[in-house]
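J.: Here it is, the structure in full.
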Amino acid sequence: MSTPAKELCRLGLREAGAGVAAKAISSSELVEASLARIQATDGKLGAFLAVSADRARAAAKAADARAARGERRSELDGVPVAVKDIFVTKGVPTTAGSRILEGYLPPYDATVVERLEAAGAVIVGKLNMDEFAMGSSNENSAYRPCHNPWDLSRTPGGSSGGSAASVAAGQVHASLGTDTGGSIREPAAFCGVVGVKPTYGRVSRYGVVAFASSLDQVGPLAREVGDAALVLRTIAGHDPRDMTSSTRPVDDYLGPLEEGARGLRVGVPREWLSGGLDAGVEAAIRAALDTYRRLGATLVDVSLPHSKYGIGAYYLIAPAEASSNLARYDGVRFGLRAEGAKGLKEMYAESRERGLGAEPKRRIMLGTYALSSGYYDAYYLRAQKVRTLIRRDFDEAFRSCDVIAGPVTPSVAFRLGERTGDPLQMYLADIFTITCNLAALPGLSVPCGLEAGSGLPVGLQLVGRPFDEATLFRAARALERELGPLPAPPEP
Ligand code: GLN
């Protein structure tokens, strides 16, 4: 009962849940510890955009009442978690990191929020992010930057920067993010946590602010592979309110978790390790691949020849879809409305001018251009064809391997401000993650050590066959078990 708050905050998700079930700790203690830690650290970290303390305390009380009756909704009953501010939460501000949604109080909960709460998880607040999930450093947040707990002068990555930073710093035991081109995996890698982008369609997007609808997917971040697997199992599965969600049953991710890497065929794309990678990152990736070999896996040379067109195709498709999705922010229905405009047209224009930041505006212009008559065939349609080629590369590679392994990012976390002046440089942070979204495949980032010299975390990316998240978890767990947990980052 007298465990210090800081130690409670470092417990794994399943460990904390088991503690509540055994009545060794109460959900209220866990939630108070989490709120206290947010209070103590978030001034420096900037991971949260909103903290819903009252709602969390009430939920914790209810979880404790269940525990007293010997009831348990799930393994994460009573455990504090947080969600990216892209998920709508009834009566709790939801901004998607944008001024144009400032003050918006949604009238309903996203399906994933409902599912977390139905499982007993306690949502303590909403996490910082790049505006409309456009970015790789969280610096496009209209509210405040988020800092990397390993080094406060560096970015936590983006767009789910707050989701990764809060888990790494022990503010919560797990979080949810979204990934359109790398937004879960890149920040997970930069902050030294596990992050999963599931197969397109695995998780419902009902109540998720849309960015690029053919690419967006929801996924978990946690400090342990098994914890991420538990969260995904909790939120995955068909939702009649999202017609893109799959009706395929959800696999048991935890059952095969400890099966190890023996016999696994690990594909190593030669294009991912041939230049363009910082030496320290490459060394950590190669060491992880050697570990797999030592554990009894076979390394297979595979080729993804069209992956070099990934960034180009993505920056046509994603902005095209964004230009359409963002048309709904017109000052009429949600959030900010320009007052004093003369007439409807001026009100639309003024609201968008004031409410949207530079990056969404850039994407709206790019996307509108790519979709306009005469350019549609030359750009958008071409990009869709490239997408098919990228998918075929993966299909071909998976004929000779069970999982693909490589880097998540070309470098460790870069410094805040370093790339803000050069959007192209920023876009390149996703060079290894984007193809997985274009091909609709599941991808995971698992810590594979600290870079020599900088001491910053490096993530190994694992990509699987459609709906084969179970193999990703099993492979990631084999590495995690072998390497042991990363040390905790320094106190902010
Ligand atoms: N960094 C990429 C972008 O800015 C990917 C973002 C994401 O996955 N949401 O579009």
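Please note that chains go A, B, ... in the order of the structure tokens, that every chain numbers its residues from 1, and that ligands are numbered from 1 in the order shown.
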Which chains and residue numbers are within 6 Å of ligand 1, counting only C-alpha atoms and all ligand atoms, if I want them as a list in words?
T.: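 The residues within 6 Å of ligand 1, counting only C-alpha atoms and all ligand atoms, are Ala133, Met134, Gly135, Ser136, Ser159, Asp179, Thr180, Gly181, Gly182, Ser183, Tyr427 and Asp430 of chain A.
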J.: Report as a PyMOL selection string: the residues of range 14-154 of chain A with a DSSP assignment of alpha helix (DSSP H), based on the backbone of this structure.
T.: chain A and resi 14-21+27-45+53-68+111-118
J.: Please provide as a PyMOL selection string all residues within 9 Å of range 407-416 of chain A, with the sequence filter that same-chain residues fewer than 6 positions apart are discarded (counting only C-alpha atoms).
T.: chain A and resi 137+139+145+147-148+151-157+182+185-187+189-191+272-273+276-282+285+428-433+444-445+451+454+456-462
J.: Pick the closest to Ser163 in chain A from A:Gly91, A:Gly46, A:Gly260, A:Gly255: which is it, counting only C-alpha atoms?
T.: A:Gly46
J.: Tell me which protein, DNA and RNA residues are within 9 Å of Phe48 in chain A, counting only C-alpha atoms, leaving out same-chain ones fewer than 2 positions away, and put them as a PyMOL selection string.
T.: chain A and resi 38+42+45-46+50-51+82+84-85+125-129+146+162-163+166
J.: So that I can see what lies close to range 220-236 of chain A, please list as a PyMOL selection string the residues with an atom at most 6 Å from it, counting only C-alpha atoms and leaving out residues fewer than 5 positions away in the same chain.
T.: chain A and resi 13+112+115+174-176+193-196+202-203+253+477
J.: Could you take the residues named above and write them with C-alpha atoms, as a PDB file, in the first residue's frame?
T.:
ATOM      1  CA  LEU A  13       0.167  -2.636 -17.808  1.00  0.00           C
ATOM      2  CA  VAL A 112     -11.737   2.313 -29.274  1.00  0.00           C
ATOM      3  CA  ARG A 115     -13.764  -0.624 -25.822  1.00  0.00           C
ATOM      4  CA  ALA A 174      -0.125   2.378 -22.232  1.00  0.00           C
ATOM      5  CA  SER A 175      -1.621   4.693 -24.829  1.00  0.00           C
ATOM      6  CA  LEU A 176      -3.323   4.774 -28.189  1.00  0.00           C
ATOM      7  CA  VAL A 193       8.674   2.007 -26.364  1.00  0.00           C
ATOM      8  CA  VAL A 194       6.731  -0.618 -28.314  1.00  0.00           C
ATOM      9  CA  GLY A 195       4.311   0.714 -30.946  1.00  0.00           C
ATOM     10  CA  VAL A 196       2.040  -1.201 -33.291  1.00  0.00           C
ATOM     11  CA  ARG A 202      -8.073  -4.442 -37.894  1.00  0.00           C
ATOM     12  CA  VAL A 203      -9.218  -1.627 -35.572  1.00  0.00           C
ATOM     13  CA  TYR A 253      -1.873 -12.458 -29.522  1.00  0.00           C
ATOM     14  CA  ARG A 477       8.866 -10.594 -27.633  1.00  0.00           C
TER      15      ARG A 477
END
